[in-house]
file structure21.pdb (PDB, C-alpha atoms, pLDDT in the B column)
ATOM      1  CA  MET A 697     -35.273 -79.288  45.717  1.00 63.00           C
ATOM      2  CA  THR A 698     -37.944 -80.757  47.956  1.00 65.00           C
ATOM      3  CA  GLU A 699     -41.335 -79.133  48.142  1.00 66.00           C
ATOM      4  CA  GLN A 700     -41.509 -76.616  50.949  1.00 72.00           C
ATOM      5  CA  SER A 701     -44.558 -75.336  52.751  1.00 76.00           C
ATOM      6  CA  GLU A 702     -45.058 -71.607  52.974  1.00 84.00           C
ATOM      7  CA  MET A 703     -43.031 -70.151  55.794  1.00 85.00           C
ATOM      8  CA  GLN A 704     -43.455 -66.885  57.651  1.00 84.00           C
ATOM      9  CA  VAL A 705     -40.612 -65.289  59.508  1.00 85.00           C
ATOM     10  CA  PHE A 706     -40.966 -62.918  62.449  1.00 83.00           C
ATOM     11  CA  SER A 707     -38.907 -61.485  65.235  1.00 83.00           C
ATOM     12  CA  THR A 708     -39.879 -61.067  68.861  1.00 82.00           C
ATOM     13  CA  ALA A 709     -38.995 -57.421  68.262  1.00 84.00           C
ATOM     14  CA  ARG A 710     -42.213 -57.112  66.251  1.00 84.00           C
ATOM     15  CA  GLU A 711     -43.872 -55.062  69.007  1.00 86.00           C
ATOM     16  CA  ASN A 712     -40.600 -53.597  70.227  1.00 92.00           C
ATOM     17  CA  HIS A 713     -38.888 -51.275  67.857  1.00 92.00           C
ATOM     18  CA  VAL A 714     -38.157 -47.613  67.380  1.00 92.00           C
ATOM     19  CA  SER A 715     -36.399 -45.487  64.805  1.00 93.00           C
ATOM     20  CA  VAL A 716     -34.477 -42.450  66.014  1.00 94.00           C
ATOM     21  CA  HIS A 717     -32.341 -39.615  64.705  1.00 94.00           C
ATOM     22  CA  VAL A 718     -29.544 -38.741  67.125  1.00 95.00           C
ATOM     23  CA  ASP A 719     -27.817 -35.477  66.248  1.00 95.00           C
ATOM     24  CA  PHE A 720     -24.504 -35.185  68.049  1.00 94.00           C
ATOM     25  CA  VAL A 721     -24.040 -31.676  66.611  1.00 92.00           C
ATOM     26  CA  SER A 722     -27.166 -30.073  68.064  1.00 94.00           C
ATOM     27  CA  LYS A 723     -27.337 -32.744  70.795  1.00 94.00           C
ATOM     28  CA  ARG A 724     -31.010 -33.294  69.899  1.00 94.00           C
ATOM     29  CA  THR A 725     -32.674 -36.657  69.524  1.00 95.00           C
ATOM     30  CA  ARG A 726     -36.000 -37.237  67.836  1.00 92.00           C
ATOM     31  CA  ILE A 727     -38.143 -40.276  67.312  1.00 91.00           C
ATOM     32  CA  LEU A 728     -38.844 -40.927  63.632  1.00 89.00           C
ATOM     33  CA  ASN A 729     -42.473 -41.867  63.165  1.00 77.00           C
ATOM     34  CA  ASP A 730     -44.141 -43.629  60.267  1.00 70.00           C
ATOM     35  CA  ALA A 731     -44.948 -40.312  58.626  1.00 66.00           C
ATOM     36  CA  VAL A 732     -41.256 -39.804  57.848  1.00 73.00           C
ATOM     37  CA  SER A 733     -40.529 -41.159  54.393  1.00 81.00           C
ATOM     38  CA  ARG A 734     -37.776 -43.749  54.598  1.00 84.00           C
ATOM     39  CA  ARG A 735     -36.834 -43.135  51.023  1.00 86.00           C
ATOM     40  CA  ASP A 736     -36.535 -39.366  51.521  1.00 87.00           C
ATOM     41  CA  LEU A 737     -34.448 -39.904  54.632  1.00 89.00           C
ATOM     42  CA  ALA A 738     -32.099 -42.336  52.894  1.00 91.00           C
ATOM     43  CA  GLU A 739     -31.690 -39.938  50.003  1.00 92.00           C
ATOM     44  CA  ALA A 740     -30.919 -37.073  52.386  1.00 91.00           C
ATOM     45  CA  VAL A 741     -28.225 -39.164  54.085  1.00 94.00           C
ATOM     46  CA  ARG A 742     -26.736 -40.156  50.735  1.00 93.00           C
ATOM     47  CA  ARG A 743     -26.597 -36.539  49.589  1.00 94.00           C
ATOM     48  CA  GLN A 744     -25.105 -35.409  52.868  1.00 93.00           C
ATOM     49  CA  ARG A 745     -22.335 -37.993  52.560  1.00 94.00           C
ATOM     50  CA  GLN A 746     -21.716 -37.136  48.942  1.00 93.00           C
ATOM     51  CA  SER A 747     -21.554 -33.368  49.422  1.00 92.00           C
ATOM     52  CA  ALA A 748     -19.141 -33.770  52.352  1.00 92.00           C
ATOM     53  CA  GLY A 749     -16.962 -36.273  50.476  1.00 94.00           C
ATOM     54  CA  ILE A 750     -17.602 -39.060  52.981  1.00 96.00           C
ATOM     55  CA  ARG A 751     -17.075 -42.661  51.905  1.00 94.00           C
ATOM     56  CA  ILE A 752     -17.659 -45.907  53.769  1.00 93.00           C
ATOM     57  CA  LEU A 753     -14.430 -47.806  53.201  1.00 92.00           C
ATOM     58  CA  PRO A 754     -13.834 -51.578  53.237  1.00 84.00           C
ATOM     59  CA  SER A 755     -13.892 -53.192  56.661  1.00 76.00           C
ATOM     60  CA  ALA A 756     -10.765 -52.640  58.721  1.00 64.00           C
ATOM     61  CA  SER A 757     -10.739 -56.298  59.796  1.00 64.00           C
ATOM     62  CA  ARG A 758     -10.985 -57.856  56.347  1.00 56.00           C
TER      63      ARG A 758
ATOM     64  CA  MET B1361     -31.216 -55.365  79.423  1.00 94.00           C
ATOM     65  CA  LYS B1362     -28.176 -55.966  77.227  1.00 94.00           C
ATOM     66  CA  VAL B1363     -26.919 -55.238  73.746  1.00 95.00           C
ATOM     67  CA  ARG B1364     -27.173 -58.362  71.577  1.00 95.00           C
ATOM     68  CA  PHE B1365     -26.041 -56.681  68.373  1.00 95.00           C
ATOM     69  CA  ALA B1366     -24.812 -53.220  67.416  1.00 97.00           C
ATOM     70  CA  ALA B1367     -23.453 -51.995  64.097  1.00 97.00           C
ATOM     71  CA  PHE B1368     -23.268 -49.102  61.701  1.00 97.00           C
ATOM     72  CA  ALA B1369     -24.670 -49.657  58.222  1.00 96.00           C
ATOM     73  CA  ARG B1370     -25.157 -48.018  54.860  1.00 94.00           C
ATOM     74  CA  TYR B1371     -28.875 -48.453  55.540  1.00 95.00           C
ATOM     75  CA  ALA B1372     -30.922 -49.881  58.396  1.00 95.00           C
ATOM     76  CA  GLU B1373     -34.638 -50.200  59.091  1.00 93.00           C
ATOM     77  CA  THR B1374     -37.076 -52.390  60.990  1.00 91.00           C
ATOM     78  CA  GLU B1375     -39.993 -53.998  59.185  1.00 87.00           C
ATOM     79  CA  PRO B1376     -43.132 -52.941  61.136  1.00 82.00           C
ATOM     80  CA  GLU B1377     -45.058 -56.089  60.200  1.00 84.00           C
ATOM     81  CA  THR B1378     -42.396 -58.591  61.242  1.00 86.00           C
ATOM     82  CA  GLY B1379     -39.928 -56.803  63.518  1.00 85.00           C
ATOM     83  CA  LEU B1380     -37.075 -58.028  61.304  1.00 90.00           C
ATOM     84  CA  LEU B1381     -34.100 -55.807  60.634  1.00 92.00           C
ATOM     85  CA  ASN B1382     -33.221 -54.903  57.062  1.00 93.00           C
ATOM     86  CA  LEU B1383     -29.556 -53.971  56.849  1.00 96.00           C
ATOM     87  CA  THR B1384     -27.314 -53.052  53.952  1.00 95.00           C
ATOM     88  CA  GLY B1385     -23.589 -52.659  54.407  1.00 93.00           C
ATOM     89  CA  ALA B1386     -23.753 -53.491  58.106  1.00 95.00           C
ATOM     90  CA  GLY B1387     -20.451 -53.575  59.935  1.00 94.00           C
ATOM     91  CA  ALA B1388     -19.205 -50.345  58.373  1.00 93.00           C
ATOM     92  CA  SER B1389     -16.264 -49.302  60.539  1.00 94.00           C
ATOM     93  CA  VAL B1390     -14.033 -47.039  58.430  1.00 95.00           C
ATOM     94  CA  PHE B1391     -15.170 -43.638  57.166  1.00 96.00           C
ATOM     95  CA  GLY B1392     -12.988 -41.865  54.636  1.00 96.00           C
ATOM     96  CA  VAL B1393     -13.359 -38.083  54.640  1.00 96.00           C
ATOM     97  CA  GLU B1394     -11.802 -35.359  52.521  1.00 95.00           C
ATOM     98  CA  SER B1395     -11.243 -33.000  55.430  1.00 94.00           C
ATOM     99  CA  VAL B1396     -12.021 -32.332  59.045  1.00 93.00           C
ATOM    100  CA  PRO B1397     -13.961 -31.078  60.916  1.00 93.00           C
ATOM    101  CA  VAL B1398     -16.868 -32.933  59.340  1.00 95.00           C
ATOM    102  CA  THR B1399     -20.317 -34.212  60.313  1.00 95.00           C
ATOM    103  CA  ILE B1400     -20.662 -37.893  59.454  1.00 96.00           C
ATOM    104  CA  PRO B1401     -24.197 -39.267  59.005  1.00 96.00           C
ATOM    105  CA  THR B1402     -24.557 -43.024  59.415  1.00 96.00           C
ATOM    106  CA  TYR B1403     -27.337 -45.518  59.820  1.00 96.00           C
ATOM    107  CA  PHE B1404     -27.107 -47.808  62.809  1.00 97.00           C
ATOM    108  CA  ALA B1405     -28.896 -50.834  64.197  1.00 97.00           C
ATOM    109  CA  LEU B1406     -29.162 -52.144  67.745  1.00 96.00           C
ATOM    110  CA  LEU B1407     -30.835 -55.276  68.985  1.00 95.00           C
ATOM    111  CA  LEU B1408     -31.356 -55.324  72.739  1.00 96.00           C
ATOM    112  CA  GLY B1409     -32.296 -58.337  74.857  1.00 94.00           C
ATOM    113  CA  PHE B1410     -34.466 -57.982  77.952  1.00 95.00           C
ATOM    114  CA  GLU B1411     -35.810 -60.282  80.647  1.00 94.00           C
ATOM    115  CA  GLU B1412     -39.495 -60.757  81.408  1.00 93.00           C
ATOM    116  CA  ASP B1413     -39.240 -58.780  84.635  1.00 94.00           C
ATOM    117  CA  GLU B1414     -38.085 -55.757  82.620  1.00 95.00           C
ATOM    118  CA  VAL B1415     -41.337 -55.545  80.680  1.00 95.00           C
ATOM    119  CA  GLY B1416     -43.174 -52.261  81.030  1.00 95.00           C
ATOM    120  CA  GLN B1417     -40.166 -50.497  82.565  1.00 96.00           C
ATOM    121  CA  GLU B1418     -39.050 -47.338  80.808  1.00 97.00           C
ATOM    122  CA  ARG B1419     -35.339 -47.476  80.008  1.00 97.00           C
ATOM    123  CA  GLU B1420     -33.097 -44.601  78.960  1.00 97.00           C
ATOM    124  CA  ILE B1421     -30.703 -45.228  76.077  1.00 96.00           C
ATOM    125  CA  ARG B1422     -27.682 -42.899  76.110  1.00 96.00           C
ATOM    126  CA  PRO B1423     -25.399 -42.889  73.057  1.00 94.00           C
ATOM    127  CA  VAL B1424     -21.969 -41.413  73.817  1.00 93.00           C
ATOM    128  CA  LEU B1425     -19.291 -40.660  71.237  1.00 92.00           C
ATOM    129  CA  ARG B1426     -15.798 -41.206  72.602  1.00 90.00           C
ATOM    130  CA  LEU B1427     -12.405 -40.537  71.062  1.00 85.00           C
ATOM    131  CA  GLY B1428     -10.312 -43.689  71.363  1.00 73.00           C
ATOM    132  CA  THR B1429      -7.193 -42.182  72.833  1.00 63.00           C
ATOM    133  CA  GLY B1430      -5.332 -43.642  75.794  1.00 53.00           C
ATOM    134  CA  GLN B1431      -7.365 -41.429  78.079  1.00 55.00           C
ATOM    135  CA  LEU B1432     -10.632 -42.382  76.370  1.00 61.00           C
ATOM    136  CA  ASP B1433     -11.976 -38.862  76.631  1.00 73.00           C
ATOM    137  CA  VAL B1434     -15.700 -38.408  76.221  1.00 69.00           C
ATOM    138  CA  VAL B1435     -16.373 -36.367  73.129  1.00 77.00           C
ATOM    139  CA  GLN B1436     -20.099 -35.838  72.812  1.00 88.00           C
ATOM    140  CA  ARG B1437     -23.255 -36.675  74.720  1.00 91.00           C
ATOM    141  CA  PRO B1438     -26.497 -35.941  72.888  1.00 93.00           C
ATOM    142  CA  GLU B1439     -29.997 -36.188  74.347  1.00 94.00           C
ATOM    143  CA  PRO B1440     -30.868 -39.720  75.438  1.00 95.00           C
ATOM    144  CA  PHE B1441     -34.128 -41.379  74.404  1.00 95.00           C
ATOM    145  CA  THR B1442     -36.394 -43.835  76.177  1.00 96.00           C
ATOM    146  CA  ILE B1443     -37.879 -47.190  75.258  1.00 96.00           C
ATOM    147  CA  THR B1444     -40.392 -49.388  77.052  1.00 96.00           C
ATOM    148  CA  PRO B1445     -40.136 -53.106  76.212  1.00 95.00           C
ATOM    149  CA  ARG B1446     -43.292 -55.183  75.895  1.00 93.00           C
ATOM    150  CA  LEU B1447     -44.119 -58.838  75.341  1.00 88.00           C
ATOM    151  CA  GLY B1448     -45.627 -59.643  71.975  1.00 82.00           C
ATOM    152  CA  GLU B1449     -47.633 -62.499  70.545  1.00 81.00           C
ATOM    153  CA  TYR B1450     -44.549 -64.539  69.706  1.00 81.00           C
ATOM    154  CA  HIS B1451     -42.942 -64.323  73.090  1.00 83.00           C
ATOM    155  CA  ALA B1452     -42.258 -67.713  74.656  1.00 87.00           C
ATOM    156  CA  PRO B1453     -42.631 -67.809  78.476  1.00 89.00           C
ATOM    157  CA  GLY B1454     -39.286 -67.608  80.211  1.00 90.00           C
ATOM    158  CA  TRP B1455     -37.458 -66.473  77.086  1.00 88.00           C
ATOM    159  CA  GLU B1456     -35.608 -63.211  76.579  1.00 90.00           C
ATOM    160  CA  GLY B1457     -37.423 -60.506  74.610  1.00 91.00           C
ATOM    161  CA  ALA B1458     -35.914 -58.406  71.840  1.00 92.00           C
ATOM    162  CA  TYR B1459     -36.068 -54.677  71.145  1.00 94.00           C
ATOM    163  CA  ALA B1460     -34.802 -53.255  67.836  1.00 94.00           C
ATOM    164  CA  ILE B1461     -33.508 -49.712  67.486  1.00 95.00           C
ATOM    165  CA  THR B1462     -32.531 -48.344  64.096  1.00 95.00           C
ATOM    166  CA  GLY B1463     -31.938 -44.865  62.808  1.00 94.00           C
ATOM    167  CA  ILE B1464     -29.429 -42.234  61.901  1.00 96.00           C
ATOM    168  CA  LEU B1465     -26.572 -40.695  63.829  1.00 95.00           C
ATOM    169  CA  ASP B1466     -25.064 -37.349  62.836  1.00 95.00           C
ATOM    170  CA  MET B1467     -21.617 -37.353  64.420  1.00 94.00           C
ATOM    171  CA  ALA B1468     -19.451 -34.217  64.571  1.00 91.00           C
ATOM    172  CA  ILE B1469     -15.858 -35.325  64.003  1.00 92.00           C
ATOM    173  CA  GLN B1470     -13.072 -32.849  64.704  1.00 90.00           C
ATOM    174  CA  GLU B1471     -10.059 -34.979  63.809  1.00 91.00           C
ATOM    175  CA  PRO B1472      -9.157 -38.298  62.189  1.00 93.00           C
ATOM    176  CA  GLY B1473      -8.713 -41.213  64.553  1.00 92.00           C
ATOM    177  CA  ALA B1474     -10.264 -44.159  66.312  1.00 91.00           C
ATOM    178  CA  TYR B1475     -13.631 -43.615  67.999  1.00 93.00           C
ATOM    179  CA  TYR B1476     -16.198 -45.565  69.947  1.00 93.00           C
ATOM    180  CA  LEU B1477     -19.949 -45.129  69.945  1.00 95.00           C
ATOM    181  CA  ASP B1478     -20.804 -46.296  73.450  1.00 93.00           C
ATOM    182  CA  LEU B1479     -24.328 -47.277  74.378  1.00 95.00           C
ATOM    183  CA  HIS B1480     -25.323 -46.765  78.000  1.00 95.00           C
ATOM    184  CA  ILE B1481     -28.581 -47.917  79.518  1.00 96.00           C
ATOM    185  CA  ASP B1482     -30.072 -45.748  82.267  1.00 95.00           C
ATOM    186  CA  ASP B1483     -27.368 -44.285  84.510  1.00 92.00           C
ATOM    187  CA  ALA B1484     -24.926 -47.181  84.230  1.00 92.00           C
ATOM    188  CA  GLU B1485     -21.344 -45.929  84.079  1.00 88.00           C
ATOM    189  CA  GLU B1486     -20.167 -48.833  81.972  1.00 89.00           C
ATOM    190  CA  SER B1487     -21.483 -49.075  78.475  1.00 91.00           C
ATOM    191  CA  ALA B1488     -23.723 -52.004  77.532  1.00 94.00           C
ATOM    192  CA  GLY B1489     -22.028 -52.195  74.140  1.00 94.00           C
ATOM    193  CA  SER B1490     -19.799 -50.234  71.759  1.00 93.00           C
ATOM    194  CA  ILE B1491     -19.352 -49.744  68.052  1.00 95.00           C
ATOM    195  CA  PRO B1492     -15.670 -49.009  67.290  1.00 94.00           C
ATOM    196  CA  PHE B1493     -14.904 -47.099  64.107  1.00 95.00           C
ATOM    197  CA  GLN B1494     -12.199 -45.072  62.420  1.00 94.00           C
ATOM    198  CA  VAL B1495     -12.216 -41.781  60.569  1.00 95.00           C
ATOM    199  CA  ILE B1496      -9.367 -41.374  58.101  1.00 94.00           C
ATOM    200  CA  LEU B1497      -8.439 -38.732  55.586  1.00 95.00           C
ATOM    201  CA  ALA B1498      -8.980 -40.181  52.132  1.00 88.00           C
ATOM    202  CA  ALA B1499      -9.120 -37.961  49.081  1.00 70.00           C
TER     203      ALA B1499
END

call {"tool": "encode", "arguments": {"input": "structure21.pdb", "output": "structure tokens"}}
result
Amino acid sequence: MTEQSEMQVFSTARENHVSVHVDFVSKRTRILNDAVSRRDLAEAVRRQRQSAGIRILPSASR
Amino acid sequence: MKVRFAAFARYAETEPETGLLNLTGAGASVFGVESVPVTIPTYFALLLGFEEDEVGQEREIRPVLRLGTGQLDVVQRPEPFTITPRLGEYHAPGWEGAYAITGILDMAIQEPGAYYLDLHIDDAEESAGSIPFQVILAA
């Protein structure tokens, strides 16, 4: 492998991004700010799927 | 403004320092459920493209959940949210800008079937993009 110089990778979306929670049940939408723990949120989603018996199945187009 | 990329995922986030999307299990399109009705939580990621003359303009993003029957009935319309695109330090003059939206959708599903998550921008009747998916009963 040839020697490579250090590379940094960015997106032009660096200044343009938002994280949201869209609840189709209550019809409410909220912006998720940095104070919301990503790990806690991911764990809550995982538990919600698990308790409801929801599985993401292999792609339909495979 | 247009949708460059849209997908469900097991997990999705945007890196604040770089603006890059981190996705795991992107392209999820089949949800197996034990019974209905059920609320399905899913991560999603959108990458929108905008022109320079759209900078600073507030845009309304309207997700709409639609049952994929022949009549394509609208199922649910939650609150929309707004974004305002800006030009950053890496923007090249004349080039399209990018806006990343990630997060979680909680979708109330009443029956198995084929659905579409349509994404409308402002009051446009036609969606700017769609994420098709299925809900099937799978014990």

call {"tool": "closest_atom_pairs", "arguments": {"input": "structure21.pdb", "of": "chain B", "to": "chain A", "cutoff": "7 Å", "atoms": "all atoms listed in the file", "output": "tab-separated table"}}
result
residue	atom	partner	partner_atom	distance
B:Pro1376	CA	A:Arg710	CA	6.7
B:Glu1377	CA	A:Arg710	CA	6.8
B:Thr1378	CA	A:Phe706	CA	4.7
B:Gly1379	CA	A:Arg710	CA	3.6
B:Leu1380	CA	A:Ser707	CA	5.5
B:Ala1388	CA	A:Ser755	CA	6.3
B:Ser1389	CA	A:Ser755	CA	6.0
B:Val1390	CA	A:Leu753	CA	5.3
B:Phe1391	CA	A:Ile752	CA	4.8
B:Gly1392	CA	A:Arg751	CA	5.0
B:Val1393	CA	A:Ile750	CA	4.7
B:Glu1394	CA	A:Gly749	CA	5.6
B:Pro1401	CA	A:Val741	CA	6.4
B:Gln1436	CA	A:Phe720	CA	6.5
B:Arg1437	CA	A:Lys723	CA	6.9
B:Pro1438	CA	A:Lys723	CA	3.9
B:Glu1439	CA	A:Arg724	CA	5.4
B:Pro1440	CA	A:Thr725	CA	6.9
B:Phe1441	CA	A:Thr725	CA	6.9
B:Pro1445	CA	A:Asn712	CA	6.0
B:Arg1446	CA	A:Asn712	CA	6.5
B:Gly1448	CA	A:Glu711	CA	5.7
B:Tyr1450	CA	A:Thr708	CA	5.9
B:His1451	CA	A:Thr708	CA	6.2
B:Gly1457	CA	A:Thr708	CA	6.3
B:Ala1458	CA	A:Ala709	CA	4.8
B:Tyr1459	CA	A:Asn712	CA	4.7
B:Ala1460	CA	A:His713	CA	4.5
B:Ile1461	CA	A:Val714	CA	5.1
B:Thr1462	CA	A:Ser715	CA	4.9
B:Gly1463	CA	A:Val716	CA	4.7
B:Ile1464	CA	A:His717	CA	4.8
B:Leu1465	CA	A:Val718	CA	4.8
B:Asp1466	CA	A:Asp719	CA	4.8
B:Met1467	CA	A:Phe720	CA	5.1
B:Ala1468	CA	A:Val721	CA	5.6

call {"tool": "atom_distance", "arguments": {"input": "structure21.pdb", "atom1": "CA of Phe1410 in chain B", "atom2": "CA of Val1363 in chain B"}}
result
9.1 Å

call {"tool": "axis_aligned_box", "arguments": {"input": "structure21.pdb", "around": "range 712-730 of chain A", "padding_each_side": "5 Å", "output": "AutoDock Vina command-line options"}}
result
--center_x -34.1 --center_y -41.8 --center_z 65.5 --size_x 30.1 --size_y 33.5 --size_z 20.5

call {"tool": "atom_distance", "arguments": {"input": "structure21.pdb", "atom1": "CA of Thr1442 in chain B", "atom2": "CA of Asp1478 in chain B"}}
result
16.0 Å

call {"tool": "residues_near_point", "arguments": {"input": "structure21.pdb", "point": "(-14.1, -34.1, 62.0)", "cutoff": "10 Å", "atoms": "all atoms listed in the file", "output": "JSON, numbers by chain"}}
result
{"B": [1393, 1394, 1395, 1396, 1397, 1398, 1399, 1400, 1467, 1468, 1469, 1470, 1471, 1472, 1473, 1495, 1496, 1497]}

call {"tool": "resolve_selection", "arguments": {"input": "structure21.pdb", "expression": "the PyMOL selection byres ((chain B and resi 1370) around 8)", "output": "list of chain:residue names"}}
result
A:Ile752, B:Phe1368, B:Ala1369, B:Tyr1371, B:Ala1372, B:Leu1383, B:Thr1384, B:Gly1385, B:Ala1386, B:Ala1388, B:Thr1402, B:Tyr1403

call {"tool": "resolve_selection", "arguments": {"input": "structure21.pdb", "expression": "the PyMOL selection byres ((chain B and resi 1365-1367) around 6)", "output": "list of chain:residue names"}}
result
B:Val1363, B:Arg1364, B:Phe1368, B:Gly1387, B:Phe1404, B:Ala1405, B:Leu1406, B:Leu1407

call {"tool": "atom_distance", "arguments": {"input": "structure21.pdb", "atom1": "CA of Asp1413 in chain B", "atom2": "CA of Thr1444 in chain B"}}
result
12.1 Å

call {"tool": "closest_residue", "arguments": {"input": "structure21.pdb", "among": "B:Val1415, B:Ala1452, B:Ala1474, B:Leu1447", "to": "Asp1433 in chain B", "atoms": "only C-alpha atoms"}}
result
B:Ala1474

call {"tool": "closest_residue", "arguments": {"input": "structure21.pdb", "among": "B:Leu1425, B:Ile1443, B:Val1435, B:Leu1408", "to": "Pro1492 in chain B", "atoms": "all atoms listed in the file"}}
result
B:Leu1425

call {"tool": "closest_residue", "arguments": {"input": "structure21.pdb", "among": "B:His1480, B:Gln1494, B:Tyr1475, B:Pro1453", "to": "Ile1421 in chain B", "atoms": "all atoms listed in the file"}}
result
B:His1480

call {"tool": "decode", "arguments": {"input": "structure21.pdb", "residues": "range 1364-1371 of chain B", "atoms": "all heavy atoms", "output": "PDB file, in the first residue's frame"}}
result
ATOM      1  N   ARG B1364     -32.504  14.020  -2.333  1.00  0.00           N
ATOM      2  CA  ARG B1364     -31.413  13.289  -2.990  1.00  0.00           C
ATOM      3  C   ARG B1364     -31.405  11.837  -2.525  1.00  0.00           C
ATOM      4  O   ARG B1364     -31.044  10.930  -3.272  1.00  0.00           O
ATOM      5  CB  ARG B1364     -30.066  13.877  -2.583  1.00  0.00           C
ATOM      6  CG  ARG B1364     -29.627  15.116  -3.284  1.00  0.00           C
ATOM      7  CD  ARG B1364     -28.144  15.257  -3.006  1.00  0.00           C
ATOM      8  NE  ARG B1364     -27.633  16.582  -3.123  1.00  0.00           N
ATOM      9  CZ  ARG B1364     -26.453  16.946  -2.609  1.00  0.00           C
ATOM     10  NH1 ARG B1364     -25.740  16.088  -1.929  1.00  0.00           N
ATOM     11  NH2 ARG B1364     -26.018  18.165  -2.779  1.00  0.00           N
ATOM     12  N   PHE B1365     -31.758  11.631  -1.277  1.00  0.00           N
ATOM     13  CA  PHE B1365     -31.674  10.294  -0.679  1.00  0.00           C
ATOM     14  C   PHE B1365     -32.688  10.220   0.453  1.00  0.00           C
ATOM     15  O   PHE B1365     -32.854  11.183   1.215  1.00  0.00           O
ATOM     16  CB  PHE B1365     -30.261  10.071  -0.121  1.00  0.00           C
ATOM     17  CG  PHE B1365     -30.119   8.835   0.728  1.00  0.00           C
ATOM     18  CD1 PHE B1365     -29.913   7.597   0.151  1.00  0.00           C
ATOM     19  CD2 PHE B1365     -30.188   8.917   2.119  1.00  0.00           C
ATOM     20  CE1 PHE B1365     -29.788   6.462   0.936  1.00  0.00           C
ATOM     21  CE2 PHE B1365     -30.056   7.781   2.908  1.00  0.00           C
ATOM     22  CZ  PHE B1365     -29.860   6.559   2.309  1.00  0.00           C
ATOM     23  N   ALA B1366     -33.381   9.080   0.545  1.00  0.00           N
ATOM     24  CA  ALA B1366     -34.326   8.882   1.639  1.00  0.00           C
ATOM     25  C   ALA B1366     -34.386   7.403   1.952  1.00  0.00           C
ATOM     26  O   ALA B1366     -34.531   6.580   1.040  1.00  0.00           O
ATOM     27  CB  ALA B1366     -35.721   9.389   1.237  1.00  0.00           C
ATOM     28  N   ALA B1367     -34.273   7.041   3.220  1.00  0.00           N
ATOM     29  CA  ALA B1367     -34.322   5.629   3.582  1.00  0.00           C
ATOM     30  C   ALA B1367     -34.633   5.477   5.060  1.00  0.00           C
ATOM     31  O   ALA B1367     -34.336   6.353   5.876  1.00  0.00           O
ATOM     32  CB  ALA B1367     -32.984   4.940   3.269  1.00  0.00           C
ATOM     33  N   PHE B1368     -35.231   4.339   5.382  1.00  0.00           N
ATOM     34  CA  PHE B1368     -35.350   3.921   6.771  1.00  0.00           C
ATOM     35  C   PHE B1368     -34.045   3.234   7.148  1.00  0.00           C
ATOM     36  O   PHE B1368     -33.288   2.779   6.279  1.00  0.00           O
ATOM     37  CB  PHE B1368     -36.503   2.937   6.956  1.00  0.00           C
ATOM     38  CG  PHE B1368     -37.863   3.543   6.810  1.00  0.00           C
ATOM     39  CD1 PHE B1368     -38.933   2.758   6.427  1.00  0.00           C
ATOM     40  CD2 PHE B1368     -38.087   4.883   7.040  1.00  0.00           C
ATOM     41  CE1 PHE B1368     -40.210   3.297   6.288  1.00  0.00           C
ATOM     42  CE2 PHE B1368     -39.350   5.427   6.906  1.00  0.00           C
ATOM     43  CZ  PHE B1368     -40.409   4.631   6.527  1.00  0.00           C
ATOM     44  N   ALA B1369     -33.806   3.106   8.452  1.00  0.00           N
ATOM     45  CA  ALA B1369     -32.583   2.442   8.900  1.00  0.00           C
ATOM     46  C   ALA B1369     -32.784   1.885  10.298  1.00  0.00           C
ATOM     47  O   ALA B1369     -33.692   2.309  11.024  1.00  0.00           O
ATOM     48  CB  ALA B1369     -31.418   3.440   8.907  1.00  0.00           C
ATOM     49  N   ARG B1370     -31.903   0.942  10.662  1.00  0.00           N
ATOM     50  CA  ARG B1370     -31.910   0.481  12.052  1.00  0.00           C
ATOM     51  C   ARG B1370     -31.467   1.633  12.957  1.00  0.00           C
ATOM     52  O   ARG B1370     -31.932   1.775  14.076  1.00  0.00           O
ATOM     53  CB  ARG B1370     -30.933  -0.674  12.233  1.00  0.00           C
ATOM     54  CG  ARG B1370     -31.377  -1.978  11.660  1.00  0.00           C
ATOM     55  CD  ARG B1370     -30.420  -3.095  12.121  1.00  0.00           C
ATOM     56  NE  ARG B1370     -30.627  -4.301  11.369  1.00  0.00           N
ATOM     57  CZ  ARG B1370     -31.592  -5.175  11.611  1.00  0.00           C
ATOM     58  NH1 ARG B1370     -32.438  -4.964  12.607  1.00  0.00           N
ATOM     59  NH2 ARG B1370     -31.717  -6.261  10.882  1.00  0.00           N
ATOM     60  N   TYR B1371     -30.530   2.438  12.449  1.00  0.00           N
ATOM     61  CA  TYR B1371     -30.021   3.578  13.198  1.00  0.00           C
ATOM     62  C   TYR B1371     -29.534   4.638  12.216  1.00  0.00           C
ATOM     63  O   TYR B1371     -28.941   4.297  11.187  1.00  0.00           O
ATOM     64  CB  TYR B1371     -28.887   3.170  14.134  1.00  0.00           C
ATOM     65  CG  TYR B1371     -28.378   4.326  14.953  1.00  0.00           C
ATOM     66  CD1 TYR B1371     -29.105   4.802  16.043  1.00  0.00           C
ATOM     67  CD2 TYR B1371     -27.217   5.000  14.588  1.00  0.00           C
ATOM     68  CE1 TYR B1371     -28.673   5.892  16.766  1.00  0.00           C
ATOM     69  CE2 TYR B1371     -26.781   6.092  15.317  1.00  0.00           C
ATOM     70  CZ  TYR B1371     -27.514   6.535  16.401  1.00  0.00           C
ATOM     71  OH  TYR B1371     -27.092   7.633  17.108  1.00  0.00           O
TER      72      TYR B1371
END
